[in-house]
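Raw work.cif, mmCIF, C-alpha atoms:
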```
data_start
#
loop_
_atom_site.label_atom_id
_atom_site.label_comp_id
_atom_site.auth_asym_id
_atom_site.auth_seq_id
_atom_site.Cartn_x
_atom_site.Cartn_y
_atom_site.Cartn_z
CA MET A 1 -65.18 -171.73 -120.80
CA LYS A 2 -66.12 -173.15 -117.41
CA SER A 3 -69.77 -173.89 -116.79
CA ILE A 4 -71.64 -172.27 -113.91
CA ASN A 5 -71.54 -175.60 -112.07
CA ASP A 6 -67.74 -175.85 -112.46
CA ARG A 7 -67.17 -172.27 -111.33
CA LEU A 8 -69.41 -172.72 -108.32
CA LYS A 9 -67.66 -176.01 -107.42
CA SER A 10 -64.27 -174.34 -107.64
CA PHE A 11 -65.44 -171.47 -105.45
CA LEU A 12 -67.00 -173.72 -102.79
CA LEU A 13 -64.04 -176.13 -102.75
CA ASP A 14 -61.70 -173.23 -102.11
CA ILE A 15 -63.88 -172.03 -99.21
CA LEU A 16 -64.22 -175.58 -97.87
CA VAL A 17 -60.44 -176.00 -97.64
CA ARG A 18 -59.65 -172.50 -96.32
CA GLU A 19 -62.55 -171.55 -94.04
CA LYS A 20 -62.69 -174.07 -91.19
CA GLU A 21 -65.53 -172.31 -89.37
CA THR A 22 -68.01 -172.64 -92.25
CA GLN A 23 -66.97 -176.09 -93.50
CA ALA A 24 -70.18 -177.91 -92.54
CA GLU A 25 -72.41 -175.39 -94.29
CA THR A 26 -70.14 -175.26 -97.33
CA TRP A 27 -70.05 -179.05 -97.63
CA LYS A 28 -73.83 -179.15 -97.42
CA HIS A 29 -74.10 -176.86 -100.47
CA LEU A 30 -71.22 -178.53 -102.30
CA LYS A 31 -72.86 -181.99 -102.12
CA MET A 32 -75.82 -180.65 -104.08
CA LEU A 33 -73.60 -180.00 -107.12
CA ASP A 34 -72.40 -182.45 -109.77
CA LEU A 35 -69.11 -183.46 -108.17
CA ASP A 36 -66.57 -185.66 -109.95
CA CYS A 37 -63.80 -187.84 -108.55
CA ASP A 38 -61.23 -185.04 -108.72
CA ASP A 39 -63.47 -182.77 -106.64
CA LEU A 40 -64.10 -185.50 -104.09
CA TYR A 41 -60.37 -186.31 -103.92
CA ILE A 42 -59.84 -182.78 -102.57
CA VAL A 43 -62.58 -183.24 -99.98
CA ILE A 44 -61.17 -186.61 -98.89
CA THR A 45 -57.55 -185.44 -98.61
CA GLU A 46 -58.00 -181.92 -97.25
CA THR A 47 -61.13 -181.85 -95.07
CA SER A 48 -62.83 -183.72 -92.23
CA PHE A 49 -65.58 -185.03 -94.51
CA ALA A 50 -63.55 -187.94 -95.92
CA ASP A 51 -66.11 -190.61 -94.95
CA GLU A 52 -69.08 -188.87 -96.60
CA ALA A 53 -66.98 -187.94 -99.62
CA TRP A 54 -65.82 -191.54 -100.03
CA GLU A 55 -69.39 -192.83 -100.06
CA LEU A 56 -70.19 -190.35 -102.80
CA TYR A 57 -66.91 -191.08 -104.58
CA GLN A 58 -67.84 -194.75 -105.11
CA THR A 59 -71.01 -193.77 -106.98
CA LYS A 60 -69.03 -191.81 -109.57
CA ASN A 61 -67.57 -194.90 -111.28
CA PRO A 62 -63.96 -194.06 -110.43
CA THR A 63 -61.39 -195.16 -112.99
CA LYS A 64 -58.36 -197.24 -112.19
CA ASP A 65 -56.21 -194.09 -112.18
CA ASN A 66 -58.65 -192.35 -109.82
CA LEU A 67 -58.34 -195.19 -107.33
CA LEU A 68 -54.59 -195.46 -107.71
CA TYR A 69 -54.13 -191.82 -106.73
CA LEU A 70 -56.46 -192.27 -103.78
CA MET A 71 -54.32 -195.21 -102.65
CA ASP A 72 -51.25 -192.99 -102.50
CA GLY A 73 -51.07 -192.21 -98.78
CA THR A 74 -54.61 -190.88 -98.23
CA SER A 75 -57.00 -191.66 -95.37
CA LYS A 76 -59.02 -193.83 -97.76
CA SER A 77 -56.15 -195.80 -99.26
CA ARG A 78 -57.40 -199.13 -97.88
CA GLU A 79 -60.94 -198.56 -99.11
CA ALA A 80 -59.61 -197.49 -102.52
CA GLU A 81 -57.46 -200.62 -102.68
CA ALA A 82 -60.41 -202.87 -101.91
CA CYS A 83 -62.47 -201.10 -104.54
CA MET A 84 -59.64 -201.44 -107.02
CA MET A 85 -59.27 -205.18 -106.44
CA GLU A 86 -62.99 -205.68 -106.82
CA ARG A 87 -63.40 -203.72 -110.04
CA PHE A 88 -60.13 -203.98 -111.93
CA GLU A 89 -57.31 -206.33 -112.77
CA LEU A 90 -53.98 -204.77 -111.90
CA GLU A 91 -51.50 -204.72 -114.76
CA ASN A 92 -47.74 -204.58 -114.33
CA ASP A 93 -47.56 -200.82 -114.82
CA ASP A 94 -50.20 -200.36 -112.12
CA LEU A 95 -48.35 -202.62 -109.72
CA GLU A 96 -45.04 -200.92 -110.41
CA TRP A 97 -46.63 -197.56 -109.62
CA LEU A 98 -48.03 -198.96 -106.38
CA VAL A 99 -44.69 -200.46 -105.34
CA GLU A 100 -42.95 -197.15 -105.97
CA LYS A 101 -45.58 -195.08 -104.17
CA THR A 102 -46.42 -197.36 -101.23
CA GLY A 103 -43.42 -199.67 -100.87
CA GLN A 104 -45.82 -202.46 -99.92
CA ASP A 105 -44.52 -206.00 -100.42
CA LYS A 106 -47.92 -207.38 -101.41
CA PHE A 107 -47.83 -205.34 -104.61
CA ALA A 108 -44.19 -206.26 -105.21
CA ARG A 109 -45.00 -209.95 -104.69
CA GLN A 110 -47.90 -209.81 -107.14
CA LEU A 111 -45.74 -208.01 -109.68
CA LEU A 112 -43.06 -210.71 -109.39
CA LEU A 113 -45.69 -213.29 -110.38
CA GLN A 114 -46.67 -211.36 -113.53
CA LYS A 115 -43.43 -211.54 -115.55
CA PRO A 116 -42.10 -208.05 -114.80
CA ASN A 117 -39.63 -206.40 -117.16
CA ASN A 118 -36.18 -205.24 -116.05
CA GLU A 119 -37.35 -201.78 -115.08
CA GLN A 120 -40.15 -203.20 -112.95
CA LEU A 121 -37.76 -205.58 -111.21
CA THR A 122 -35.51 -202.65 -110.47
CA THR A 123 -38.47 -200.84 -108.91
CA ILE A 124 -39.05 -203.84 -106.65
CA ILE A 125 -35.36 -203.84 -105.70
CA THR A 126 -35.29 -200.15 -104.81
CA HIS A 127 -38.73 -199.73 -103.20
CA SER A 128 -39.62 -202.96 -101.39
CA SER A 129 -38.11 -205.55 -99.09
CA LEU A 130 -38.26 -208.23 -101.80
CA LYS A 131 -34.89 -207.05 -103.06
CA GLU A 132 -33.19 -210.43 -103.16
CA GLU A 133 -36.02 -212.16 -105.02
CA ALA A 134 -36.09 -209.41 -107.65
CA ALA A 135 -32.28 -209.34 -107.90
CA THR A 136 -32.16 -213.11 -108.40
CA GLU A 137 -34.65 -212.87 -111.26
CA LEU A 138 -32.92 -209.86 -112.79
CA LEU A 139 -29.52 -211.57 -112.86
CA LYS A 140 -30.96 -214.30 -115.11
CA ARG A 141 -31.35 -211.74 -117.88
CA PRO A 142 -29.11 -209.58 -120.09
CA LEU A 143 -28.44 -206.41 -118.08
CA ASP A 144 -26.89 -203.03 -118.72
CA ASN A 145 -24.58 -201.31 -116.23
CA TYR A 146 -27.38 -199.31 -114.66
CA ASP A 147 -29.37 -202.46 -113.87
CA LEU A 148 -26.29 -204.01 -112.27
CA ARG A 149 -25.62 -200.84 -110.27
CA ASP A 150 -29.12 -201.00 -108.84
CA ILE A 151 -28.54 -204.57 -107.69
CA ILE A 152 -25.14 -203.68 -106.21
CA SER A 153 -26.61 -200.70 -104.34
CA ASN A 154 -29.62 -202.53 -102.91
CA SER A 155 -28.90 -206.25 -102.63
CA ASN A 156 -26.69 -207.89 -100.05
CA LEU A 157 -26.89 -211.49 -101.24
CA LYS A 158 -26.42 -210.77 -104.96
CA ARG A 159 -23.97 -207.86 -104.73
CA ARG A 160 -20.80 -209.83 -105.46
CA GLU A 161 -22.39 -211.64 -108.40
CA ALA A 162 -23.61 -208.32 -109.82
CA LEU A 163 -20.14 -206.80 -109.35
CA GLU A 164 -18.50 -209.66 -111.22
CA ARG A 165 -20.96 -209.16 -114.07
CA LEU A 166 -20.27 -205.43 -114.08
CA PHE A 167 -16.49 -205.93 -114.26
CA GLN A 168 -17.01 -208.18 -117.28
CA GLN A 169 -19.02 -205.45 -119.01
CA ASN A 170 -16.30 -202.76 -118.92
CA PRO A 171 -17.73 -200.43 -116.29
CA THR A 172 -17.04 -196.74 -116.69
CA ASN A 173 -15.21 -194.79 -114.01
CA GLU A 174 -18.50 -193.05 -113.29
CA ASP A 175 -20.14 -196.42 -112.63
CA LEU A 176 -17.46 -197.32 -110.13
CA SER A 177 -17.23 -193.96 -108.39
CA GLU A 178 -21.02 -193.83 -107.93
CA ILE A 179 -21.01 -197.32 -106.43
CA ILE A 180 -18.19 -196.48 -104.03
CA CYS A 181 -19.71 -193.19 -102.92
CA TYR A 182 -23.30 -194.27 -102.48
CA THR A 183 -23.06 -197.90 -101.37
CA ASP A 184 -21.72 -199.36 -98.14
CA LEU A 185 -19.74 -202.12 -99.83
CA GLY A 186 -18.10 -203.55 -96.74
CA ASP A 187 -15.24 -205.91 -97.64
CA LEU A 188 -15.94 -205.36 -101.35
CA GLU A 189 -14.97 -201.69 -101.25
CA GLU A 190 -11.27 -202.31 -101.91
CA LEU A 191 -12.16 -204.56 -104.83
CA VAL A 192 -14.16 -201.80 -106.51
CA TRP A 193 -11.60 -199.11 -105.63
CA ASN A 194 -8.75 -201.12 -107.14
CA GLN A 195 -10.80 -201.65 -110.29
CA PHE A 196 -11.39 -197.89 -110.43
CA LEU A 197 -7.65 -197.15 -110.06
CA SER A 198 -6.79 -199.70 -112.75
CA GLN A 199 -8.86 -197.66 -115.21
CA ASN A 200 -6.58 -194.60 -114.93
CA PRO A 201 -9.05 -192.08 -113.54
CA GLY A 202 -8.50 -188.45 -114.48
CA ASN A 203 -8.21 -185.53 -112.08
CA GLU A 204 -11.90 -184.67 -112.34
CA GLU A 205 -12.85 -188.24 -111.52
CA LEU A 206 -10.62 -188.21 -108.43
CA LEU A 207 -12.06 -184.84 -107.50
CA TYR A 208 -15.50 -186.43 -107.28
CA PHE A 209 -14.33 -188.27 -104.15
CA VAL A 210 -12.63 -185.20 -102.71
CA LYS A 211 -15.84 -183.18 -102.99
CA ASP A 212 -17.45 -185.95 -100.95
CA TYR A 213 -20.79 -186.18 -102.70
CA SER A 214 -21.57 -189.29 -100.66
CA GLY A 215 -21.47 -187.34 -97.41
CA ARG A 216 -19.46 -190.14 -95.83
CA GLY A 217 -16.03 -189.37 -97.18
CA ARG A 218 -15.42 -192.76 -98.74
CA LYS A 219 -11.93 -192.76 -100.29
CA LYS A 220 -11.61 -188.99 -99.92
CA LYS A 221 -8.12 -189.15 -98.44
CA GLU A 222 -6.87 -191.70 -100.96
CA ALA A 223 -8.24 -189.71 -103.90
CA ALA A 224 -6.81 -186.46 -102.52
CA ALA A 225 -3.37 -188.04 -102.09
CA LEU A 226 -3.38 -189.23 -105.71
CA LEU A 227 -4.60 -185.85 -106.93
CA ILE A 228 -1.97 -183.80 -105.11
CA GLU A 229 0.79 -185.98 -106.59
CA ARG A 230 -0.32 -185.03 -110.09
CA ASP A 231 -0.48 -181.59 -111.66
CA PRO A 232 -3.86 -180.33 -110.41
CA ASP A 233 -5.25 -177.09 -111.78
CA ALA A 234 -6.42 -174.17 -109.64
CA ASP A 235 -9.98 -175.46 -109.39
CA ALA A 236 -8.80 -178.82 -108.08
CA LEU A 237 -6.43 -177.19 -105.59
CA ALA A 238 -9.23 -174.97 -104.33
CA GLU A 239 -11.46 -178.02 -103.87
CA LEU A 240 -8.71 -179.72 -101.87
CA ILE A 241 -8.61 -176.71 -99.56
CA VAL A 242 -12.39 -176.73 -99.12
CA ALA A 243 -12.23 -180.46 -98.32
CA ASP A 244 -9.40 -179.78 -95.82
CA GLN A 245 -7.06 -182.13 -97.66
CA PHE A 246 -3.35 -181.21 -98.07
CA THR A 247 -4.30 -177.57 -97.49
CA ASP A 248 -0.76 -176.24 -97.02
CA ILE A 249 0.57 -178.01 -100.13
CA ALA A 250 -2.45 -176.85 -102.16
CA LEU A 251 -1.90 -173.25 -101.04
CA ALA A 252 1.75 -173.39 -102.04
CA LYS A 253 0.86 -174.77 -105.46
CA LEU A 254 -1.80 -172.09 -105.93
CA ARG A 255 0.74 -169.33 -105.25
CA GLU A 256 2.91 -170.76 -107.99
CA LEU A 257 0.02 -170.91 -110.45
CA LYS A 258 -1.26 -167.36 -109.78
CA PRO A 259 -4.80 -168.28 -110.86
CA ASP A 260 -7.74 -166.06 -111.74
CA PRO A 261 -9.31 -164.90 -108.43
CA GLU A 262 -12.65 -166.16 -109.73
CA GLU A 263 -11.38 -169.72 -109.26
CA LEU A 264 -10.81 -169.03 -105.55
CA GLU A 265 -13.95 -167.08 -104.61
CA PHE A 266 -15.91 -170.02 -103.27
CA VAL A 267 -13.16 -170.98 -100.77
CA ILE A 268 -13.51 -167.56 -99.16
CA ARG A 269 -17.31 -167.64 -99.35
CA LEU A 270 -17.46 -171.02 -97.59
CA LYS A 271 -15.15 -169.75 -94.84
CA LYS A 272 -12.95 -172.82 -94.94
CA ARG A 273 -9.53 -173.25 -93.36
CA GLY A 274 -7.04 -171.41 -95.53
CA MET A 275 -9.55 -168.77 -96.62
CA ASN A 276 -7.46 -165.90 -95.25
CA GLU A 277 -4.42 -167.14 -97.17
CA ILE A 278 -6.61 -167.47 -100.27
CA ALA A 279 -7.94 -163.94 -99.69
CA ALA A 280 -4.38 -162.61 -99.46
CA LEU A 281 -3.52 -164.42 -102.68
CA CYS A 282 -6.59 -162.99 -104.42
CA LEU A 283 -5.68 -159.48 -103.30
CA SER A 284 -2.33 -159.84 -105.06
CA LEU A 285 -3.99 -160.94 -108.32
CA ASN A 286 -5.94 -157.81 -109.27
CA PRO A 287 -9.38 -158.99 -108.11
CA ASN A 288 -12.52 -157.36 -109.46
CA LYS A 289 -15.13 -155.54 -107.40
CA GLU A 290 -17.27 -158.64 -106.77
CA GLN A 291 -14.27 -160.63 -105.56
CA LEU A 292 -13.16 -157.79 -103.29
CA PHE A 293 -16.59 -157.74 -101.66
CA GLU A 294 -16.35 -161.51 -101.08
CA ILE A 295 -13.04 -160.94 -99.32
CA LEU A 296 -14.50 -158.03 -97.36
CA ALA A 297 -17.55 -160.00 -96.19
CA ASN A 298 -16.03 -163.39 -95.46
CA SER A 299 -12.35 -163.10 -94.51
CA ASP A 300 -10.09 -161.31 -92.07
CA LYS A 301 -8.59 -159.27 -94.92
CA LYS A 302 -11.29 -156.59 -94.69
CA THR A 303 -8.94 -153.63 -94.45
CA GLU A 304 -6.86 -154.69 -97.45
CA ALA A 305 -10.00 -155.35 -99.52
CA ALA A 306 -11.54 -152.01 -98.51
CA LEU A 307 -8.42 -150.09 -99.49
CA GLN A 308 -8.60 -151.61 -102.96
CA LEU A 309 -12.36 -151.05 -103.23
CA ILE A 310 -12.21 -147.32 -102.55
CA GLN A 311 -9.99 -146.97 -105.62
CA LEU A 312 -12.89 -148.18 -107.76
CA PRO A 313 -16.11 -146.40 -108.78
CA LEU A 314 -18.69 -147.53 -106.24
CA GLU A 315 -22.47 -147.31 -106.43
CA LEU A 316 -24.57 -146.18 -103.51
CA HIS A 317 -25.54 -149.67 -102.34
CA GLU A 318 -21.87 -150.71 -102.54
CA LEU A 319 -20.88 -147.80 -100.28
CA ALA A 320 -23.55 -148.99 -97.83
CA ASP A 321 -22.09 -152.51 -97.84
CA LEU A 322 -18.60 -151.09 -97.44
CA ILE A 323 -19.35 -149.06 -94.33
CA VAL A 324 -21.19 -151.99 -92.71
CA TYR A 325 -18.14 -154.24 -93.03
CA THR A 326 -15.35 -151.83 -92.14
CA SER A 327 -14.86 -148.52 -90.34
CA ILE A 328 -11.31 -147.69 -91.39
CA GLU A 329 -10.62 -143.99 -91.81
CA PRO A 330 -10.16 -143.95 -95.62
CA VAL A 331 -13.60 -145.51 -96.07
CA LEU A 332 -15.26 -143.06 -93.67
CA GLU A 333 -13.50 -140.15 -95.33
CA LEU A 334 -14.59 -141.24 -98.82
CA ILE A 335 -18.23 -141.72 -97.84
CA SER A 336 -18.33 -138.50 -95.78
CA LYS A 337 -17.19 -136.51 -98.80
CA ARG A 338 -19.63 -138.31 -101.08
CA VAL A 339 -22.63 -137.42 -98.89
CA GLN A 340 -21.21 -134.09 -97.64
CA PHE A 341 -21.31 -134.95 -93.96
CA ASP A 342 -19.01 -133.35 -91.39
CA ARG A 343 -18.12 -136.12 -88.98
CA SER A 344 -16.37 -133.74 -86.60
CA GLN A 345 -19.80 -132.58 -85.37
CA VAL A 346 -20.50 -136.01 -83.85
CA ASN A 347 -18.90 -137.67 -80.83
CA GLU A 348 -19.53 -141.36 -81.39
CA GLU A 349 -19.11 -142.46 -77.77
CA GLU A 350 -21.28 -139.68 -76.36
CA LEU A 351 -24.02 -140.49 -78.89
CA LEU A 352 -23.84 -144.16 -77.97
CA GLN A 353 -24.15 -143.34 -74.27
CA VAL A 354 -27.32 -141.33 -74.92
CA ILE A 355 -28.80 -144.24 -76.89
CA THR A 356 -27.69 -146.72 -74.21
CA GLN A 357 -29.45 -144.80 -71.44
CA LYS A 358 -32.67 -144.61 -73.46
CA ILE A 359 -32.75 -148.30 -74.36
CA LEU A 360 -31.63 -149.73 -71.02
CA LYS A 361 -34.25 -147.58 -69.28
CA ASN A 362 -36.92 -149.01 -71.60
CA PRO A 363 -35.76 -152.03 -73.68
CA GLU A 364 -39.08 -151.99 -75.55
CA LEU A 365 -37.73 -148.98 -77.46
CA LEU A 366 -35.27 -151.28 -79.24
CA ASP A 367 -36.64 -152.91 -82.41
CA VAL A 368 -33.83 -154.81 -84.09
CA ASP A 369 -36.02 -155.79 -87.07
CA HIS A 370 -36.59 -152.24 -88.35
CA TRP A 371 -34.55 -149.10 -88.74
CA HIS A 372 -37.60 -147.15 -87.59
CA ASN A 373 -40.93 -148.41 -86.24
CA GLY A 374 -42.91 -145.55 -84.73
CA GLU A 375 -41.14 -144.62 -81.50
CA LYS A 376 -38.98 -147.76 -81.68
CA HIS A 377 -35.70 -148.07 -83.60
CA CYS A 378 -32.72 -150.37 -83.98
CA LEU A 379 -29.35 -149.12 -82.71
CA GLY A 380 -28.50 -147.44 -86.00
CA GLY A 381 -32.01 -146.07 -86.30
CA TRP A 382 -31.70 -144.44 -82.89
CA ALA A 383 -28.43 -142.77 -83.91
CA ILE A 384 -30.13 -141.27 -86.97
CA THR A 385 -33.15 -140.16 -84.93
CA LEU A 386 -30.89 -138.23 -82.55
CA ASN A 387 -28.93 -136.45 -85.31
CA GLU A 388 -30.80 -134.06 -87.58
CA ALA A 389 -28.09 -133.85 -90.25
CA SER A 390 -27.98 -137.62 -90.67
CA GLN A 391 -31.75 -137.74 -91.20
CA LYS A 392 -31.32 -135.89 -94.48
CA ILE A 393 -28.52 -138.28 -95.44
CA GLU A 394 -30.79 -141.23 -94.69
CA GLN A 395 -33.47 -139.86 -97.01
CA GLU A 396 -31.02 -139.39 -99.88
CA PHE A 397 -28.43 -142.11 -99.37
CA GLY A 398 -29.98 -144.77 -97.14
CA SER A 399 -29.99 -145.86 -93.50
CA GLU A 400 -26.75 -147.89 -93.59
CA ILE A 401 -24.68 -144.92 -94.69
CA ALA A 402 -26.38 -142.43 -92.35
CA ALA A 403 -26.02 -144.68 -89.29
CA GLY A 404 -22.58 -145.95 -90.28
CA LEU A 405 -21.13 -142.45 -90.30
CA LEU A 406 -22.51 -141.80 -86.81
CA LEU A 407 -21.54 -145.12 -85.18
CA PRO A 408 -18.81 -146.57 -87.43
CA ASN A 409 -17.38 -148.76 -84.68
CA TYR A 410 -20.74 -150.33 -83.87
CA THR A 411 -22.09 -151.22 -87.29
CA HIS A 412 -21.79 -154.91 -86.36
CA LEU A 413 -24.68 -154.33 -83.92
CA PHE A 414 -27.02 -152.81 -86.51
CA PHE A 415 -28.16 -156.25 -87.65
CA SER A 416 -27.65 -158.25 -84.44
CA ASP A 417 -30.44 -159.83 -82.40
CA LYS A 418 -31.95 -157.98 -79.46
CA LYS A 419 -30.17 -160.00 -76.78
CA THR A 420 -26.75 -159.31 -78.34
CA VAL A 421 -27.41 -155.57 -78.64
CA LEU A 422 -28.69 -155.27 -75.07
CA GLU A 423 -25.71 -157.17 -73.66
CA ALA A 424 -23.30 -154.91 -75.58
CA LEU A 425 -25.04 -151.76 -74.31
CA LYS A 426 -24.99 -153.05 -70.73
CA LYS A 427 -21.22 -153.54 -70.98
CA LYS A 428 -20.84 -149.99 -72.32
CA SER A 429 -22.90 -148.57 -69.46
CA ILE A 430 -20.76 -150.37 -66.88
CA ALA A 431 -17.53 -149.23 -68.54
#
```
Let me see whether you can do it: turn the structure in this file into structure tokens.
Amino acid sequence: MKSINDRLKSFLLDILVREKETQAETWKHLKMLDLDCDDLYIVITETSFADEAWELYQTKNPTKDNLLYLMDGTSKSREAEACMMERFELENDDLEWLVEKTGQDKFARQLLLQKPNNEQLTTIITHSSLKEEAATELLKRPLDNYDLRDIISNSNLKRREALERLFQQNPTNEDLSEIICYTDLGDLEELVWNQFLSQNPGNEELLYFVKDYSGRGRKKKEAAALLIERDPDADALAELIVADQFTDIALAKLRELKPDPEELEFVIRLKKRGMNEIAALCLSLNPNKEQLFEILANSDKKTEAALQLIQLPLELHELADLIVYTSIEPVLELISKRVQFDRSQVNEEELLQVITQKILKNPELLDVDHWHNGEKHCLGGWAITLNEASQKIEQEFGSEIAAGLLLPNYTHLFFSDKKTVLEALKKKSIA
């Protein structure tokens, strides 16, 4: 259980950080309590009383760990470092932590003088500018593939030597692919790529380059060309399409395979070139409800997807999604029957003109962020407000369905920004 002092400290610290107006008074009371280094760390890092807090901090006999954390990018990092040097001898683990956190060469240089282990040398290589010195020392020792990969990725002068060592140690295809993707190898790239090819990479290993994890597309085209010559499965062919590599050939191969639509969903979702062809293929392969909604939302095959969807049992929220994405007659007819709404009583264009006149006369009446907000409404909200029958539908079935049945050809404006809606209404008023 916390003591009264601890609970009061916690309360005052919270106020000190949050309430800027009362900080001086709060700090005055807080200083009277038995504060420890953790409490003062908060004051130093999150308030304007860092100087006073630091003076108090030094009287609390801070440990090495206390000072190390204060050295990690705080306003008192220099003072904490000086205090650390005066009171403690830095061990290798301490120096490694400092190199990793600060990247300062002075800590890396001191660590190099204290017989660092392999892991500590790797930290110097990856987090300081003393890469070559650390790499030179590391290469004098027995190394595993990961150590060599770190040298290859970070050292310019010792890269070739590290590569030669790696080739002698039977690198895995993963070792080589990671090096190619994440390191700018310059004239050594072909050397590593040829080594990779000599190790008979599988389709998945080639696919790693096609997916372009490096973000720079190294060897994407070469890997894709090798992959398409083989017998890639549906997943690989879909990835080729997403990467825009041999799209037409991949589509043709997919049609022959007749894959599960689940393997093709993400191509449609990402809206990549070939997605409409993929959507058409999915539609011919008995897609499930989830896949049909992906096609409906993300491709140009909305009508075809909707016609299949209305053959399935749909929940209320699914009907709402359906009417937002398409206004074809079979969909409107199905939903009208479901909610018992007679659409013949509404003239869509006349209703839109009434709304247009209201909003253009006073644009402040349009609130695109809410269906209803007092006297303000979005476009769909206004349609519901002006039709008594649809208000009952909204209460029972939701705003999307109620508004969608009134303005089926304008559902795309229900969720548009204010500028887009106003421009569309201006065009309607002119027409």
| Explicit residue set for the PyMOL selection byres ((chain A and resi 94-111) around 8), as a VMD selection string | chain A and resid 68 72 to 73 90 to 93 112 to 116 120 123 to 124 127 to 130
Using only C-alpha atoms, which residues sit within 10 Å of region 406-412 of chain A once same-chain residues fewer than 4 positions away are excluded, as a CSV table (one decimal) with C-alpha atoms, keeping the file's coordinate frame?
```csv
chain,number,residue,atom,x,y,z
A,323,ILE,CA,-19.4,-149.1,-94.3
A,324,VAL,CA,-21.2,-152.0,-92.7
A,325,TYR,CA,-18.1,-154.2,-93.0
A,326,THR,CA,-15.4,-151.8,-92.1
A,327,SER,CA,-14.9,-148.5,-90.3
A,328,ILE,CA,-11.3,-147.7,-91.4
A,329,GLU,CA,-10.6,-144.0,-91.8
A,332,LEU,CA,-15.3,-143.1,-93.7
A,341,PHE,CA,-21.3,-135.0,-94.0
A,343,ARG,CA,-18.1,-136.1,-89.0
A,345,GLN,CA,-19.8,-132.6,-85.4
A,346,VAL,CA,-20.5,-136.0,-83.8
A,347,ASN,CA,-18.9,-137.7,-80.8
A,348,GLU,CA,-19.5,-141.4,-81.4
A,349,GLU,CA,-19.1,-142.5,-77.8
A,351,LEU,CA,-24.0,-140.5,-78.9
A,352,LEU,CA,-23.8,-144.2,-78.0
A,379,LEU,CA,-29.4,-149.1,-82.7
A,380,GLY,CA,-28.5,-147.4,-86.0
A,383,ALA,CA,-28.4,-142.8,-83.9
A,384,ILE,CA,-30.1,-141.3,-87.0
A,387,ASN,CA,-28.9,-136.4,-85.3
A,390,SER,CA,-28.0,-137.6,-90.7
A,400,GLU,CA,-26.8,-147.9,-93.6
A,401,ILE,CA,-24.7,-144.9,-94.7
A,402,ALA,CA,-26.4,-142.4,-92.4
A,416,SER,CA,-27.6,-158.2,-84.4
A,421,VAL,CA,-27.4,-155.6,-78.6
A,424,ALA,CA,-23.3,-154.9,-75.6
```
| field | Selection result of the PyMOL selection byres ((chain A and resi 252-257) around 12) on this file, as a ChimeraX atom specification | value | /A:228-241,246-251,258-261,263-264,274,277-285
| task | Considering only C-alpha atoms, state which residue in the set A:Ile4, A:Leu163, A:Ala224, A:Val17 is at the smallest distance from Ile180 (chain A). | result | A:Leu163
| task | Would you translate the PyMOL selection byres ((chain A and resi 23-35) around 9) into the concrete set of residues it matches in this file, as a PyMOL selection string? | result | chain A and resi 5-6+8-9+12-13+15-22+36-40+43+47-49+53+56-57+60
| Got a sec to check which residues sit within 10 Å of (-27.1, -149.6, -74.1), counting only C-alpha atoms, and write them as a VMD selection string? | chain A and resid 352 to 361 363 366 379 421 to 430
Keeping only C-alpha atoms, write those residues as a tab-separated table (two decimals), in the frame of the given file.
```tsv
chain	number	residue	atom	x	y	z
A	352	LEU	CA	-23.84	-144.16	-77.97
A	353	GLN	CA	-24.15	-143.34	-74.27
A	354	VAL	CA	-27.32	-141.33	-74.92
A	355	ILE	CA	-28.80	-144.24	-76.89
A	356	THR	CA	-27.69	-146.72	-74.21
A	357	GLN	CA	-29.45	-144.80	-71.44
A	358	LYS	CA	-32.67	-144.61	-73.46
A	359	ILE	CA	-32.75	-148.30	-74.36
A	360	LEU	CA	-31.63	-149.73	-71.02
A	361	LYS	CA	-34.25	-147.58	-69.28
A	363	PRO	CA	-35.76	-152.03	-73.68
A	366	LEU	CA	-35.27	-151.28	-79.24
A	379	LEU	CA	-29.35	-149.12	-82.71
A	421	VAL	CA	-27.41	-155.57	-78.64
A	422	LEU	CA	-28.69	-155.27	-75.07
A	423	GLU	CA	-25.71	-157.17	-73.66
A	424	ALA	CA	-23.30	-154.91	-75.58
A	425	LEU	CA	-25.04	-151.76	-74.31
A	426	LYS	CA	-24.99	-153.05	-70.73
A	427	LYS	CA	-21.22	-153.54	-70.98
A	428	LYS	CA	-20.84	-149.99	-72.32
A	429	SER	CA	-22.90	-148.57	-69.46
A	430	ILE	CA	-20.76	-150.37	-66.88
```
